[in-house]
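Asker: Handing you a structure now.
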2 protein chains.
Amino acid sequence: MDLKALETLRAVRTQGGVSAAAAVLHLTPSAVSQQLSGLTRDAGVPLTERIGRGLRLTAAGEALADAAVDVAVALERARAACAVFLDRPEGTVTLSAFQSGAKLLLPGLIGRVRALGGIDLECSDEDVAQDEFPGLTDRVDVVVAHRPEGGAGWPGEGSRLTVVPLLREPLDLAVAADHPLADRDAVRPADLVGEEWIAVRQGFPVAAVLDAVAAASGSPPRITQRINDFSVVEALVAAGHGVSLLPRHTGGTHPGVRLLPVRGVRAGRRVEALLRPDVAERVVVRRVLDELVAEAGRFGSPE
Amino acid sequence: MDLKALETLRAVRTQGGVSAAAAVLHLTPSAVSQQLSGLTRDAGVPLTERIGRGLRLTAAGEALADAAVDVAVALERARAACAVFLDRPEGTVTLSAFQSGAKLLLPGLIGRVRALGGIDLECSDEDVAQDEFPGLTDRVDVVVAHRPEGGAGWPGEGSRLTVVPLLREPLDLAVAADHPLADRDAVRPADLVGEEWIAVRQGFPVAAVLDAVAAASGSPPRITQRINDFSVVEALVAAGHGVSLLPRHTGGTHPGVRLLPVRGVRAGRRVEALLRPDVAERVVVRRVLDELVAEAGRFGSPE
DNA sequence: CATGTCGTTGTAGCGTTCCTTCATGGACCT
DNA sequence: AGGTCCATGAAGGAACGCTACAACGACATG
């Protein structure tokens with residue numbers, strides 16, 4: 001029973017197919033298929049079953065993939081066990097963050113990690129749909145993700161996925177500086193009836209919160225634009241094309257935009273770091289995580 | 001960081017050297033040495049250090065070997081995870097027992113396991129010194145061992161070695177049928193002053209218990225013979241060459257020998273099954289262990 | 001002090017394993 | 001029915017690990 005094969009099975013599950021798994025493992029689909037067949041021979045029971053033109057893990061495959069996570073964790077603990085005897089933690093850590101999170105956290109984080117010395121931190125910004133965040137952990141060590149407050153949590157959280165809370169970011173109402181509400185200290189949902197909304201693409205956390213605000217205001221929101229990039233949203237709000245919801249810390253730099261707390265609705269998103277449990281055992285990764293948590297602490301607590 | 005290399009490091013520790021480890025792994029010393037050097041390169045810190053013409057694990061090596069046990073356990077759990085989906089547990093289990101333990105337990109155990117079906121149980125009897133029992137677990141799945149009551153326990157018990165109590169066997173005084181004490185129901189240490197003793201080779205559990213009886217009787221015992229095999233001991237006792245201590249259940253079959261409980265001294269030995277923690281995860285091994293415990297239960301409880 | 005032995009470590013050669021390339025076949029979409 | 005996507009099989013090549021052999025240091029013995 002090979003280590004690589006177990007790792008491959010895990011990747012096939014999270015990526016949902018042989019080809020996708022091959023991509024994140026830097027292999028050809030054929031190699032993945034061969035490893036799977038070898039592993040199936042070892043196990044003695046079918047681990048995958050064809051479903052349409054793709055495949056799916058059987059119950060035995062799921063069980064083995066779960067166990068594979070524990071194996072990977074144990075192996076990474078072994079690496080960490082002798083890394084303790086190294087005078088200084090070295091190595092490279094890859095990190096990916098959604099766009100606005102990157103803007104908020106990366107400048108400080110990179111400086112902190114550089115100050116530690118010896119750790120290469122390779123960052124990238126990657127904005128994907130909500131349910132694709134966990135899959136990124138196969139390509140990147142640390143994934144900074146966001147989800148709407150009160151949402152369902154991540155699939156496999158705990159056993160298959162390690163989640164580290166970073167901060168809770170309230171969603172504020174963004175209005176143009178010359179908007180009638182602009183001078184208020186705060187607004188309530190009832191104040192927002194009849195506004196034109198600039199929302200974000202479905203599947204992104206802000207959208208769910210927007211729905212809550214709309215329900216509280218008693219009327220369906222008129223959504224005129226669907227924009228992903230917060231800076232574009234700001235430009236539209238400043239130009240008077242509607243109001244929007246922006247995270248308190250990552251938006252609001254535009255001079256023509258005012259951010260107002262929304263009372264009566266708990267509107268916010270959670271920013272969290274996602275890691276594969278085995279990766280979370282690496283000493284260098286832990287160091288980077290510590291700095292990431294500290295940096296996030298500057299902008300609010302996780303609760 | 002290779003699985004085999006970690007397994008090799010573990011074997012080098014328990015066996016105490018490259019050559020001995022190579023023997024139990026069915027490899028040449030050269031292969032073991034190469035795996036060690038490769039592992040050291042991966043770890044970044046020296047794992048072994050020369051000591052005389054042999055070698056010893058460094059602190060980092062010990063830590064890594066400990067972690068290697070956890071890796072092996074996790075991997076074996078993975079195997080077990082899909083073995084659950086097999087309709088029937090199959091495979092072969094190797095078992096080794098000390099001579100008298102084998103005599104007591106194997107006849108019943110083999111029958112029990114055969115009744116289960118599907119499991120090949122390969123038994124052997126192997127009588128070694130006290131401190132060599134744990135090392136046998138590298139060659140055999142289940143090692144039935146004994147140790148004097150109140151002794152120090154096994155090195156690495158718990159983390160590096162799984163111990164399953166089988167039974168506690170009191171040590172009785174063995175005297176010839178025509179001995180003055182032969183008709184007593186029990187004896188006390190004071191009754192034994194001046195007797196000639198037939199003891200066993202140092203390092204065997206019975207010897208330690210004999211010392212306790214001698215101390216309680218207030219005078220050093222006269223040890224005239226040192227015999228390992230219990231049946232030889234019985235023959236000598238029956239012939240009137242002295243008294244001895246025999247386990248209650250494994251000795252005493254000789255018609256010319258009487259076994260008498262010794263009061264005032266807690267004299268006994270513990271019979272236990274020793275396994276590598278990873279081997280203990282195998283489903284077939286667990287089944288055999290269950291039967292072994294049940295069979296041992298016929299002769300007394302572990303306490 | 002020389003010699004033999006034991007145990008570990010390096011080197012060359014070989015076999016095995018694993019991956020890539022290419023080709024095949026089934027399933028979904030238009 | 002044709003095109004596309006995905007998984008799987010067979011053949012070739014590269015990389016890895018093991019064995020055989022030799023060398024070296026350490027201990028024991030004469």
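Residues in the structure tokens are named by chain (A, B, ... in the order shown) and by number from 1 within that chain; ligands are numbered from 1 in the order shown.
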Can you list, as number ranges by chain, every protein, DNA or RNA residue that comes within 10 Å of range 5-22 of chain C when you count only C-alpha atoms (C1' of nucleotides), leaving out same-chain residues fewer than 6 positions away?
Answerer: A: 27-28, 30-32, 34-35; B: 17-19, 29-30, 33-34, 37, 50, 52-55; D: 10-28
Asker: I'd like the neighbourhood of range 290-295 of chain B as JSON, numbers by chain, where a residue qualifies if any of its atoms comes within 9 Å (using only C-alpha atoms (C1' of nucleotides)), though same-chain residues fewer than 3 positions away should be ignored.
Answerer: {"B": [105, 106, 108, 109, 112, 113, 164, 165, 166, 167, 273, 285, 286, 287, 298, 299]}
Asker: Would you list the contacts of range 73-83 of chain B as a PyMOL selection string, taking every protein, DNA or RNA residue within 10 Å and counting only C-alpha atoms (C1' of nucleotides), but skipping same-chain residues closer than 6 positions in sequence?
Answerer: (chain A and resi 1-3+6+40+42-47+59-75) or (chain B and resi 3+67+89-90+276-284)
Asker: For range 232-249 of chain A, list every protein, DNA or RNA residue within 8 Å, evaluated using only C-alpha atoms (C1' of nucleotides), and leave out those in the same chain fewer than 4 positions away; present the list as a PyMOL selection string.
Answerer: chain A and resi 104+169-177+179+195-199+206+210+227-228+254+256-257+259+268-269+299
Asker: Store the residues picked out above, limited to N, CA and C atoms, as a short mmCIF file (atom, residue, chain, number, x, y, z; two decimals), in the first residue's frame.
Answerer:
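Generated file (selection-v2.cif):
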```cif
data_model
loop_
_atom_site.label_atom_id
_atom_site.label_comp_id
_atom_site.auth_asym_id
_atom_site.auth_seq_id
_atom_site.Cartn_x
_atom_site.Cartn_y
_atom_site.Cartn_z
N LEU A 104 -5.90 43.03 2.19
CA LEU A 104 -5.89 43.40 3.61
C LEU A 104 -4.70 42.81 4.35
N GLU A 169 -15.46 39.94 9.82
CA GLU A 169 -15.48 41.27 9.19
C GLU A 169 -16.93 41.67 8.97
N PRO A 170 -17.41 42.71 9.65
CA PRO A 170 -18.79 43.14 9.42
C PRO A 170 -18.95 43.69 8.01
N LEU A 171 -20.14 43.47 7.47
CA LEU A 171 -20.45 44.07 6.16
C LEU A 171 -21.16 45.39 6.40
N ASP A 172 -20.61 46.45 5.88
CA ASP A 172 -21.21 47.77 6.04
C ASP A 172 -21.91 48.19 4.75
N LEU A 173 -22.85 49.10 4.93
CA LEU A 173 -23.52 49.67 3.75
C LEU A 173 -22.61 50.71 3.11
N ALA A 174 -22.38 50.56 1.82
CA ALA A 174 -21.57 51.53 1.09
C ALA A 174 -22.49 52.44 0.29
N VAL A 175 -22.38 53.72 0.55
CA VAL A 175 -23.19 54.71 -0.20
C VAL A 175 -22.26 55.79 -0.73
N ALA A 176 -22.74 56.50 -1.72
CA ALA A 176 -21.96 57.62 -2.26
C ALA A 176 -21.89 58.73 -1.21
N ALA A 177 -20.85 59.52 -1.28
CA ALA A 177 -20.65 60.59 -0.31
C ALA A 177 -21.81 61.59 -0.35
N HIS A 179 -24.94 60.77 -0.96
CA HIS A 179 -26.19 60.04 -0.76
C HIS A 179 -26.90 60.61 0.48
N GLU A 195 -33.85 51.16 -2.49
CA GLU A 195 -32.51 51.45 -3.01
C GLU A 195 -32.19 50.53 -4.19
N GLU A 196 -31.35 50.98 -5.03
CA GLU A 196 -30.79 50.12 -6.07
C GLU A 196 -29.52 49.48 -5.53
N TRP A 197 -29.39 48.18 -5.78
CA TRP A 197 -28.29 47.44 -5.18
C TRP A 197 -27.26 47.01 -6.22
N ILE A 198 -26.04 47.06 -5.78
CA ILE A 198 -24.96 46.47 -6.57
C ILE A 198 -24.50 45.24 -5.80
N ALA A 199 -24.80 44.06 -6.33
CA ALA A 199 -24.50 42.82 -5.62
C ALA A 199 -23.33 42.11 -6.28
N VAL A 206 -21.01 37.53 0.14
CA VAL A 206 -21.71 38.79 0.33
C VAL A 206 -23.17 38.67 -0.13
N LEU A 210 -26.60 39.88 1.69
CA LEU A 210 -27.49 40.84 1.05
C LEU A 210 -28.93 40.36 1.10
N ILE A 227 -21.28 42.68 -9.62
CA ILE A 227 -19.86 42.97 -9.80
C ILE A 227 -19.07 42.16 -8.78
N ASN A 228 -17.95 41.65 -9.22
CA ASN A 228 -17.14 40.87 -8.28
C ASN A 228 -16.11 41.72 -7.56
N HIS A 254 -12.11 54.30 -1.24
CA HIS A 254 -12.45 55.29 -2.27
C HIS A 254 -12.96 56.57 -1.60
N GLY A 256 -14.97 58.81 -2.52
CA GLY A 256 -16.37 59.17 -2.75
C GLY A 256 -17.35 58.19 -2.13
N VAL A 257 -16.86 57.32 -1.24
CA VAL A 257 -17.72 56.29 -0.66
C VAL A 257 -17.72 56.41 0.85
N LEU A 259 -18.89 54.27 4.41
CA LEU A 259 -19.32 52.98 4.95
C LEU A 259 -20.12 53.21 6.22
N GLY A 268 -22.13 39.98 8.25
CA GLY A 268 -20.68 39.84 8.30
C GLY A 268 -20.22 38.64 7.52
N ARG A 269 -18.94 38.54 7.39
CA ARG A 269 -18.37 37.34 6.79
C ARG A 269 -17.20 36.91 7.65
N PHE A 299 -7.14 43.66 12.76
CA PHE A 299 -8.36 44.17 12.16
C PHE A 299 -9.62 43.65 12.85
#
```
Asker: Determine which residues of range 18-71 of chain A DSSP labels as strand (DSSP E or B) from the backbone of this structure, then write them out as a ChimeraX atom specification.
Answerer: /A:48-51,54-57
Asker: With N, CA, C and O atoms retained, could you export that selection as an mmCIF file, in the first residue's frame?
Answerer:
```cif
data_model
loop_
_atom_site.group_PDB
_atom_site.id
_atom_site.type_symbol
_atom_site.label_atom_id
_atom_site.label_comp_id
_atom_site.auth_asym_id
_atom_site.auth_seq_id
_atom_site.Cartn_x
_atom_site.Cartn_y
_atom_site.Cartn_z
ATOM 1 N N THR A 48 -13.394 2.812 -6.417
ATOM 2 C CA THR A 48 -14.089 3.804 -7.242
ATOM 3 C C THR A 48 -15.141 3.093 -8.088
ATOM 4 O O THR A 48 -15.066 1.888 -8.328
ATOM 5 N N GLU A 49 -16.115 3.895 -8.529
ATOM 6 C CA GLU A 49 -17.105 3.338 -9.449
ATOM 7 C C GLU A 49 -17.406 4.389 -10.501
ATOM 8 O O GLU A 49 -17.424 5.586 -10.227
ATOM 9 N N ARG A 50 -17.625 3.928 -11.710
ATOM 10 C CA ARG A 50 -17.908 4.843 -12.805
ATOM 11 C C ARG A 50 -19.259 5.500 -12.571
ATOM 12 O O ARG A 50 -20.218 4.845 -12.163
ATOM 13 N N ILE A 51 -19.287 6.769 -12.808
ATOM 14 C CA ILE A 51 -20.551 7.494 -12.721
ATOM 15 C C ILE A 51 -20.560 8.444 -13.911
ATOM 16 O O ILE A 51 -19.812 9.403 -13.952
ATOM 17 N N GLY A 54 -17.344 10.223 -15.542
ATOM 18 C CA GLY A 54 -16.377 10.412 -14.481
ATOM 19 C C GLY A 54 -16.401 9.233 -13.538
ATOM 20 O O GLY A 54 -16.793 8.138 -13.925
ATOM 21 N N LEU A 55 -15.964 9.438 -12.326
ATOM 22 C CA LEU A 55 -16.044 8.366 -11.348
ATOM 23 C C LEU A 55 -16.257 8.943 -9.968
ATOM 24 O O LEU A 55 -16.074 10.132 -9.722
ATOM 25 N N ARG A 56 -16.600 8.070 -9.064
ATOM 26 C CA ARG A 56 -16.907 8.461 -7.697
ATOM 27 C C ARG A 56 -16.318 7.428 -6.759
ATOM 28 O O ARG A 56 -16.178 6.265 -7.130
ATOM 29 N N LEU A 57 -15.982 7.853 -5.569
ATOM 30 C CA LEU A 57 -15.433 6.902 -4.606
ATOM 31 C C LEU A 57 -16.557 6.056 -4.002
ATOM 32 O O LEU A 57 -17.634 6.562 -3.693
#
```
Asker: Give me, as a list in words, the residues of chain D touching chain A, with the criterion being at most 12 Å (counting only C-alpha atoms (C1' of nucleotides)).
Answerer: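 Per the criterion, chain D yields DT4, DC5, DC6, DA7, DT8, DG9 and DA10 of chain D.
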Asker: Hey, what does DSSP flag as alpha helix (DSSP H) within range 91-287 of chain A? Can you give it to me as number ranges by chain?
Answerer: A: 99-116, 133-136, 205-217, 230-238, 283-287
Asker: Would you list the contacts of Val93 in chain B as a list of chain:residue names, taking every protein, DNA or RNA residue within 9 Å and counting only C-alpha atoms (C1' of nucleotides), but skipping same-chain residues closer than 3 positions in sequence?
Answerer: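 In the requested form, the answer reads B:Ile119, B:Asp120, B:Leu121, B:Glu122, B:Cys123, B:Val140, B:Asp141, B:Val142, B:Val284, B:Val285, B:Val288.
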Asker: Could you tell me how far CA of Ala11 in chain A lies from CA of Leu136 in chain A, in Å and to one decimal?
Answerer: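 Interatomic distance here is 10.7 Å.
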